[in-house]
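Engineer: File name structure34.pdb; file contents PDB, C-alpha atoms, pLDDT in the B column; full text below.
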ATOM      1  CA  MET A   9     -11.705   3.919  15.325  1.00 44.00           C
ATOM      2  CA  ASP A  10     -14.373   6.601  15.316  1.00 49.00           C
ATOM      3  CA  THR A  11     -11.685   9.266  15.749  1.00 51.00           C
ATOM      4  CA  LEU A  12     -10.303   8.677  12.243  1.00 54.00           C
ATOM      5  CA  MET A  13     -11.020  11.183   9.522  1.00 60.00           C
ATOM      6  CA  PRO A  14     -13.366   9.644   6.947  1.00 67.00           C
ATOM      7  CA  GLY A  15     -11.445   8.062   4.091  1.00 73.00           C
ATOM      8  CA  TYR A  16     -12.296   7.316   0.494  1.00 75.00           C
ATOM      9  CA  SER A  17     -15.010   4.799  -0.332  1.00 75.00           C
ATOM     10  CA  LEU A  18     -13.993   1.147  -0.403  1.00 72.00           C
ATOM     11  CA  MET A  19     -16.082  -0.446  -3.162  1.00 76.00           C
ATOM     12  CA  LEU A  20     -16.024  -4.202  -2.598  1.00 74.00           C
ATOM     13  CA  GLN A  21     -17.087  -6.799  -5.144  1.00 73.00           C
ATOM     14  CA  LYS A  22     -20.393  -8.591  -4.463  1.00 73.00           C
ATOM     15  CA  ASP A  23     -18.828 -11.831  -3.206  1.00 68.00           C
ATOM     16  CA  ALA A  24     -15.970 -10.171  -1.266  1.00 67.00           C
ATOM     17  CA  ASP A  25     -15.648 -10.785   2.454  1.00 67.00           C
ATOM     18  CA  PRO A  26     -13.278  -8.174   3.897  1.00 61.00           C
ATOM     19  CA  ASN A  27     -13.317  -9.905   7.295  1.00 63.00           C
ATOM     20  CA  ALA A  28     -11.908 -13.168   5.907  1.00 65.00           C
ATOM     21  CA  THR A  29      -8.397 -11.938   5.207  1.00 67.00           C
ATOM     22  CA  GLY A  30      -6.350 -11.555   8.392  1.00 76.00           C
ATOM     23  CA  GLY A  31      -2.584 -12.068   8.370  1.00 88.00           C
ATOM     24  CA  VAL A  32      -0.367  -9.500   6.676  1.00 90.00           C
ATOM     25  CA  ALA A  33      -1.486  -6.364   4.846  1.00 90.00           C
ATOM     26  CA  ILE A  34       0.883  -4.855   2.270  1.00 90.00           C
ATOM     27  CA  CYS A  35       0.432  -1.450   0.640  1.00 88.00           C
ATOM     28  CA  GLY A  36       2.281  -0.135  -2.390  1.00 86.00           C
ATOM     29  CA  PHE A  37       1.909   3.363  -3.742  1.00 81.00           C
ATOM     30  CA  THR A  38       3.153   5.372  -6.678  1.00 77.00           C
ATOM     31  CA  THR A  39       5.720   7.647  -5.078  1.00 72.00           C
ATOM     32  CA  ASP A  40       9.460   8.094  -5.668  1.00 69.00           C
ATOM     33  CA  GLY A  41      10.595   5.473  -8.143  1.00 68.00           C
ATOM     34  CA  LYS A  42       7.183   3.764  -8.080  1.00 78.00           C
ATOM     35  CA  VAL A  43       8.819   1.159  -5.831  1.00 80.00           C
ATOM     36  CA  GLY A  44       5.659   0.352  -3.857  1.00 83.00           C
ATOM     37  CA  ALA A  45       3.402  -0.050  -6.890  1.00 85.00           C
ATOM     38  CA  ILE A  46       5.973  -2.202  -8.722  1.00 85.00           C
ATOM     39  CA  ALA A  47       6.590  -4.483  -5.710  1.00 87.00           C
ATOM     40  CA  THR A  48       2.903  -4.984  -4.913  1.00 89.00           C
ATOM     41  CA  ALA A  49       2.015  -5.548  -8.588  1.00 90.00           C
ATOM     42  CA  HIS A  50       4.632  -8.296  -8.626  1.00 89.00           C
ATOM     43  CA  LEU A  51       3.105  -9.897  -5.507  1.00 92.00           C
ATOM     44  CA  ILE A  52      -0.391  -9.738  -7.006  1.00 92.00           C
ATOM     45  CA  ASN A  53       0.760 -11.393 -10.229  1.00 90.00           C
ATOM     46  CA  ALA A  54       3.101 -13.961  -8.657  1.00 92.00           C
ATOM     47  CA  LEU A  55       0.472 -15.116  -6.153  1.00 92.00           C
ATOM     48  CA  ASN A  56      -2.404 -14.876  -8.656  1.00 91.00           C
ATOM     49  CA  MET A  57      -4.365 -12.842  -6.121  1.00 90.00           C
ATOM     50  CA  ARG A  58      -8.087 -12.221  -6.453  1.00 87.00           C
ATOM     51  CA  GLN A  59      -9.278  -8.623  -6.601  1.00 88.00           C
ATOM     52  CA  LEU A  60     -11.443  -7.744  -3.603  1.00 87.00           C
ATOM     53  CA  GLY A  61     -12.456  -4.254  -4.689  1.00 86.00           C
ATOM     54  CA  THR A  62     -11.426  -0.715  -5.544  1.00 87.00           C
ATOM     55  CA  VAL A  63     -11.206   2.670  -3.865  1.00 85.00           C
ATOM     56  CA  MET A  64     -13.321   5.433  -5.374  1.00 82.00           C
ATOM     57  CA  HIS A  65     -13.646   9.195  -5.050  1.00 80.00           C
ATOM     58  CA  ALA A  66     -14.870  11.981  -7.326  1.00 80.00           C
ATOM     59  CA  ASP A  67     -11.503  13.794  -6.993  1.00 78.00           C
ATOM     60  CA  PHE A  68      -9.555  10.884  -8.506  1.00 79.00           C
ATOM     61  CA  PRO A  69      -8.492  11.469 -12.113  1.00 78.00           C
ATOM     62  CA  ALA A  70     -10.652   9.750 -14.717  1.00 81.00           C
ATOM     63  CA  VAL A  71      -8.116   7.157 -15.864  1.00 82.00           C
ATOM     64  CA  ALA A  72      -8.006   3.405 -16.370  1.00 83.00           C
ATOM     65  CA  LEU A  73      -4.873   1.336 -16.062  1.00 80.00           C
ATOM     66  CA  VAL A  74      -4.569  -1.265 -18.828  1.00 82.00           C
ATOM     67  CA  GLN A  75      -2.851  -4.551 -17.981  1.00 77.00           C
ATOM     68  CA  ASP A  76      -2.862  -7.572 -20.275  1.00 76.00           C
ATOM     69  CA  GLU A  77      -5.448  -5.833 -22.490  1.00 85.00           C
ATOM     70  CA  ILE A  78      -7.834  -5.384 -19.534  1.00 80.00           C
ATOM     71  CA  PRO A  79      -8.757  -1.920 -18.175  1.00 82.00           C
ATOM     72  CA  LYS A  80      -8.548  -1.709 -14.386  1.00 84.00           C
ATOM     73  CA  HIS A  81      -9.172   0.936 -11.784  1.00 83.00           C
ATOM     74  CA  PRO A  82      -5.784   2.288 -10.640  1.00 84.00           C
ATOM     75  CA  VAL A  83      -6.528   1.891  -6.890  1.00 88.00           C
ATOM     76  CA  ARG A  84      -7.331  -1.726  -6.045  1.00 90.00           C
ATOM     77  CA  ILE A  85      -7.455  -4.187  -3.164  1.00 91.00           C
ATOM     78  CA  TYR A  86      -6.542  -7.875  -3.462  1.00 91.00           C
ATOM     79  CA  GLN A  87      -6.614 -10.819  -1.082  1.00 88.00           C
ATOM     80  CA  THR A  88      -5.548 -14.397  -0.697  1.00 86.00           C
ATOM     81  CA  ASP A  89      -5.244 -16.600   2.381  1.00 84.00           C
ATOM     82  CA  GLY A  90      -3.502 -14.576   5.083  1.00 88.00           C
ATOM     83  CA  LEU A  91      -2.454 -11.750   2.752  1.00 91.00           C
ATOM     84  CA  GLY A  92      -4.091  -8.551   1.591  1.00 91.00           C
ATOM     85  CA  VAL A  93      -2.570  -6.121  -0.917  1.00 92.00           C
ATOM     86  CA  PHE A  94      -3.585  -2.504  -1.416  1.00 90.00           C
ATOM     87  CA  ILE A  95      -2.116  -0.973  -4.579  1.00 90.00           C
ATOM     88  CA  SER A  96      -2.369   2.542  -5.946  1.00 86.00           C
ATOM     89  CA  GLN A  97      -1.013   3.269  -9.361  1.00 83.00           C
ATOM     90  CA  LEU A  98      -2.098   6.904  -9.069  1.00 80.00           C
ATOM     91  CA  GLN A  99       0.192   9.477  -7.554  1.00 78.00           C
ATOM     92  CA  PHE A 100      -1.824  11.470  -5.050  1.00 74.00           C
ATOM     93  CA  LYS A 101      -1.372  15.106  -4.102  1.00 74.00           C
ATOM     94  CA  ASN A 102       0.003  15.612  -0.587  1.00 73.00           C
ATOM     95  CA  GLU A 103      -3.308  17.184   0.486  1.00 73.00           C
ATOM     96  CA  MET A 104      -4.980  13.797  -0.041  1.00 75.00           C
ATOM     97  CA  ASP A 105      -2.586  11.870   2.257  1.00 75.00           C
ATOM     98  CA  VAL A 106      -4.750  11.988   5.393  1.00 79.00           C
ATOM     99  CA  MET A 107      -7.895  10.720   3.665  1.00 81.00           C
ATOM    100  CA  PHE A 108      -5.909   8.061   1.827  1.00 80.00           C
ATOM    101  CA  GLY A 109      -4.216   7.010   5.082  1.00 82.00           C
ATOM    102  CA  SER A 110      -7.628   6.750   6.759  1.00 85.00           C
ATOM    103  CA  THR A 111      -8.804   4.502   3.917  1.00 85.00           C
ATOM    104  CA  VAL A 112      -5.805   2.201   4.378  1.00 86.00           C
ATOM    105  CA  LEU A 113      -6.382   2.039   8.158  1.00 86.00           C
ATOM    106  CA  GLU A 114     -10.070   1.244   7.635  1.00 85.00           C
ATOM    107  CA  TRP A 115      -9.154  -1.593   5.240  1.00 84.00           C
ATOM    108  CA  TYR A 116      -6.489  -2.847   7.679  1.00 86.00           C
ATOM    109  CA  THR A 117      -8.890  -2.791  10.650  1.00 85.00           C
ATOM    110  CA  LYS A 118     -11.888  -4.349   8.891  1.00 83.00           C
ATOM    111  CA  GLY A 119      -9.640  -7.007   7.338  1.00 84.00           C
ATOM    112  CA  ASN A 120      -8.486  -8.158  10.796  1.00 86.00           C
ATOM    113  CA  PHE A 121      -4.837  -7.920   9.747  1.00 90.00           C
ATOM    114  CA  GLU A 122      -2.063  -8.473  12.282  1.00 89.00           C
ATOM    115  CA  ARG A 123       0.688  -6.515  10.521  1.00 88.00           C
ATOM    116  CA  LEU A 124       0.798  -3.654   8.018  1.00 88.00           C
ATOM    117  CA  ILE A 125       3.766  -3.277   5.666  1.00 87.00           C
ATOM    118  CA  ILE A 126       3.964  -0.189   3.469  1.00 85.00           C
ATOM    119  CA  ILE A 127       6.439  -0.310   0.594  1.00 83.00           C
ATOM    120  CA  ASP A 128       7.567   3.108  -0.523  1.00 78.00           C
ATOM    121  CA  GLY A 129      10.452   4.859  -2.218  1.00 74.00           C
ATOM    122  CA  VAL A 130      12.567   7.725  -0.960  1.00 70.00           C
ATOM    123  CA  PRO A 131      14.596  10.078  -3.129  1.00 65.00           C
ATOM    124  CA  ARG A 132      18.337   9.533  -3.218  1.00 64.00           C
ATOM    125  CA  LEU A 133      20.395  12.235  -1.626  1.00 65.00           C
ATOM    126  CA  SER A 134      23.273  11.694  -4.040  1.00 63.00           C
ATOM    127  CA  LYS A 135      22.635  10.841  -7.671  1.00 64.00           C
ATOM    128  CA  ASP A 136      26.327   9.899  -8.044  1.00 64.00           C
ATOM    129  CA  SER A 137      25.947   6.712  -6.022  1.00 60.00           C
ATOM    130  CA  ASN A 138      25.112   3.461  -7.797  1.00 58.00           C
ATOM    131  CA  GLU A 139      24.442   1.691  -4.503  1.00 59.00           C
ATOM    132  CA  SER A 140      20.859   0.940  -3.645  1.00 60.00           C
ATOM    133  CA  GLU A 141      19.889   1.085  -0.026  1.00 71.00           C
ATOM    134  CA  LEU A 142      16.866  -0.310   1.708  1.00 72.00           C
ATOM    135  CA  PHE A 143      15.401   1.431   4.754  1.00 76.00           C
ATOM    136  CA  GLY A 144      12.683   0.424   7.168  1.00 78.00           C
ATOM    137  CA  VAL A 145      10.586   1.910   9.961  1.00 79.00           C
ATOM    138  CA  SER A 146       8.509  -0.053  12.437  1.00 78.00           C
ATOM    139  CA  THR A 147       6.270   0.698  15.394  1.00 78.00           C
ATOM    140  CA  SER A 148       7.292  -2.447  17.298  1.00 81.00           C
ATOM    141  CA  GLU A 149      10.654  -3.448  18.749  1.00 86.00           C
ATOM    142  CA  SER A 150      10.326  -7.013  17.423  1.00 85.00           C
ATOM    143  CA  SER A 151       9.798  -5.744  13.866  1.00 81.00           C
ATOM    144  CA  ARG A 152      12.758  -3.362  14.170  1.00 83.00           C
ATOM    145  CA  LYS A 153      14.926  -6.316  15.220  1.00 87.00           C
ATOM    146  CA  GLN A 154      13.588  -8.294  12.276  1.00 83.00           C
ATOM    147  CA  LEU A 155      14.453  -5.456   9.866  1.00 83.00           C
ATOM    148  CA  LYS A 156      18.024  -5.363  11.200  1.00 85.00           C
ATOM    149  CA  SER A 157      18.383  -9.162  10.973  1.00 87.00           C
ATOM    150  CA  LEU A 158      17.417  -8.913   7.289  1.00 82.00           C
ATOM    151  CA  GLY A 159      20.092  -6.280   6.660  1.00 83.00           C
ATOM    152  CA  ILE A 160      17.564  -3.468   6.269  1.00 81.00           C
ATOM    153  CA  ASN A 161      18.756  -0.116   7.590  1.00 77.00           C
ATOM    154  CA  THR A 162      16.406   1.426  10.131  1.00 78.00           C
ATOM    155  CA  ILE A 163      15.775   5.140   9.949  1.00 77.00           C
ATOM    156  CA  GLN A 164      17.149   6.724  13.115  1.00 75.00           C
ATOM    157  CA  GLU A 165      15.531  10.150  12.693  1.00 73.00           C
ATOM    158  CA  GLY A 166      13.420  11.769  10.032  1.00 67.00           C
ATOM    159  CA  ILE A 167       9.899  12.173   8.782  1.00 64.00           C
ATOM    160  CA  VAL A 168       7.683   9.642   7.053  1.00 65.00           C
ATOM    161  CA  THR A 169       5.147  11.353   4.821  1.00 60.00           C
ATOM    162  CA  GLY A 170       1.721  10.155   3.807  1.00 52.00           C
TER     163      GLY A 170
END
Could you spell out this file's structure in structure tokens?
Structural biologist:
Amino acid sequence: MDTLMPGYSLMLQKDADPNATGGVAICGFTTDGKVGAIATAHLINALNMRQLGTVMHADFPAVALVQDEIPKHPVRIYQTDGLGVFISQLQFKNEMDVMFGSTVLEWYTKGNFERLIIIDGVPRLSKDSNESELFGVSTSESSRKQLKSLGINTIQEGIVTG
């Protein structure tokens, strides 16, 4: 892991144990359609997840997200038994992708997760279509088979940014 570029600072709450999570890690970001942030916010609320910490950096905009009358940092980490959720409700500049990716990998590694799922949106090629399509990419053959069994289209060729 020493070969990774340093990421942003993970600021954990006093009683947080990042090693106690394990299981599945899910990340949702504010990109095309805000799909990732919306999906992970739903998971956090539906599972009543406890906030583990935030991600900080001087280059982040000075903003607070307000939810249910409570101001929150827009980049947060949550956990529950066997599940960790990393949510960013800030849209980052492309130049920040490598540092942000390093932060996610550090969280994933230190949390002893077995699987990382990143929920993201992609722009539609045709705005005339009302059909919604779901696409997936995986590093393992078993996960690619699982995507196909769920009716999720796998990307045959292309580029994944971030």
Engineer: Have a look at A:Thr62, A:Gln97, A:Gln87, A:Gln21 and name the one nearest to Ile46 (chain A); count all atoms listed in the file.
Structural biologist: A:Gln97
Engineer: Do a neighbour search on Arg152 (chain A) at 12 Å with only C-alpha atoms, toss out local chain neighbours closer than 6 positions, and write the hits as a short mmCIF file (atom, residue, chain, number, x, y, z; two decimals) with C-alpha atoms, in the frame of the given file.
Structural biologist:
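Once written, out_0.cif looks like this:
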data_model
loop_
_atom_site.label_atom_id
_atom_site.label_comp_id
_atom_site.auth_asym_id
_atom_site.auth_seq_id
_atom_site.Cartn_x
_atom_site.Cartn_y
_atom_site.Cartn_z
CA PHE A 143 15.40 1.43 4.75
CA GLY A 144 12.68 0.42 7.17
CA VAL A 145 10.59 1.91 9.96
CA SER A 146 8.51 -0.05 12.44
CA LEU A 158 17.42 -8.91 7.29
CA GLY A 159 20.09 -6.28 6.66
CA ILE A 160 17.56 -3.47 6.27
CA ASN A 161 18.76 -0.12 7.59
CA THR A 162 16.41 1.43 10.13
CA ILE A 163 15.78 5.14 9.95
CA GLN A 164 17.15 6.72 13.12
#
Engineer: Going by the chain IDs and residue numbers used in this file, which residues fall under the PyMOL selection byres ((chain A and resi 51) around 12)? Write them as an NGL selection string.
Structural biologist: :A and (33-36 or 44-50 or 52-58 or 86-88 or 91-95 or 127)
Engineer: When the PyMOL selection byres ((chain A and resi 17) around 6) is applied to the file above, which residues end up in the set, as a PyMOL selection string?
Structural biologist: chain A and resi 16+18+63-64
Engineer: Pick out the residues sitting within 12 Å of Phe68 (chain A), and hand them over as a VMD selection string; count only C-alpha atoms, and ignore anything fewer than 2 positions along from it in its own chain.
Structural biologist: chain A and resid 16 to 17 63 to 66 70 to 72 81 to 83 96 to 101 104 108
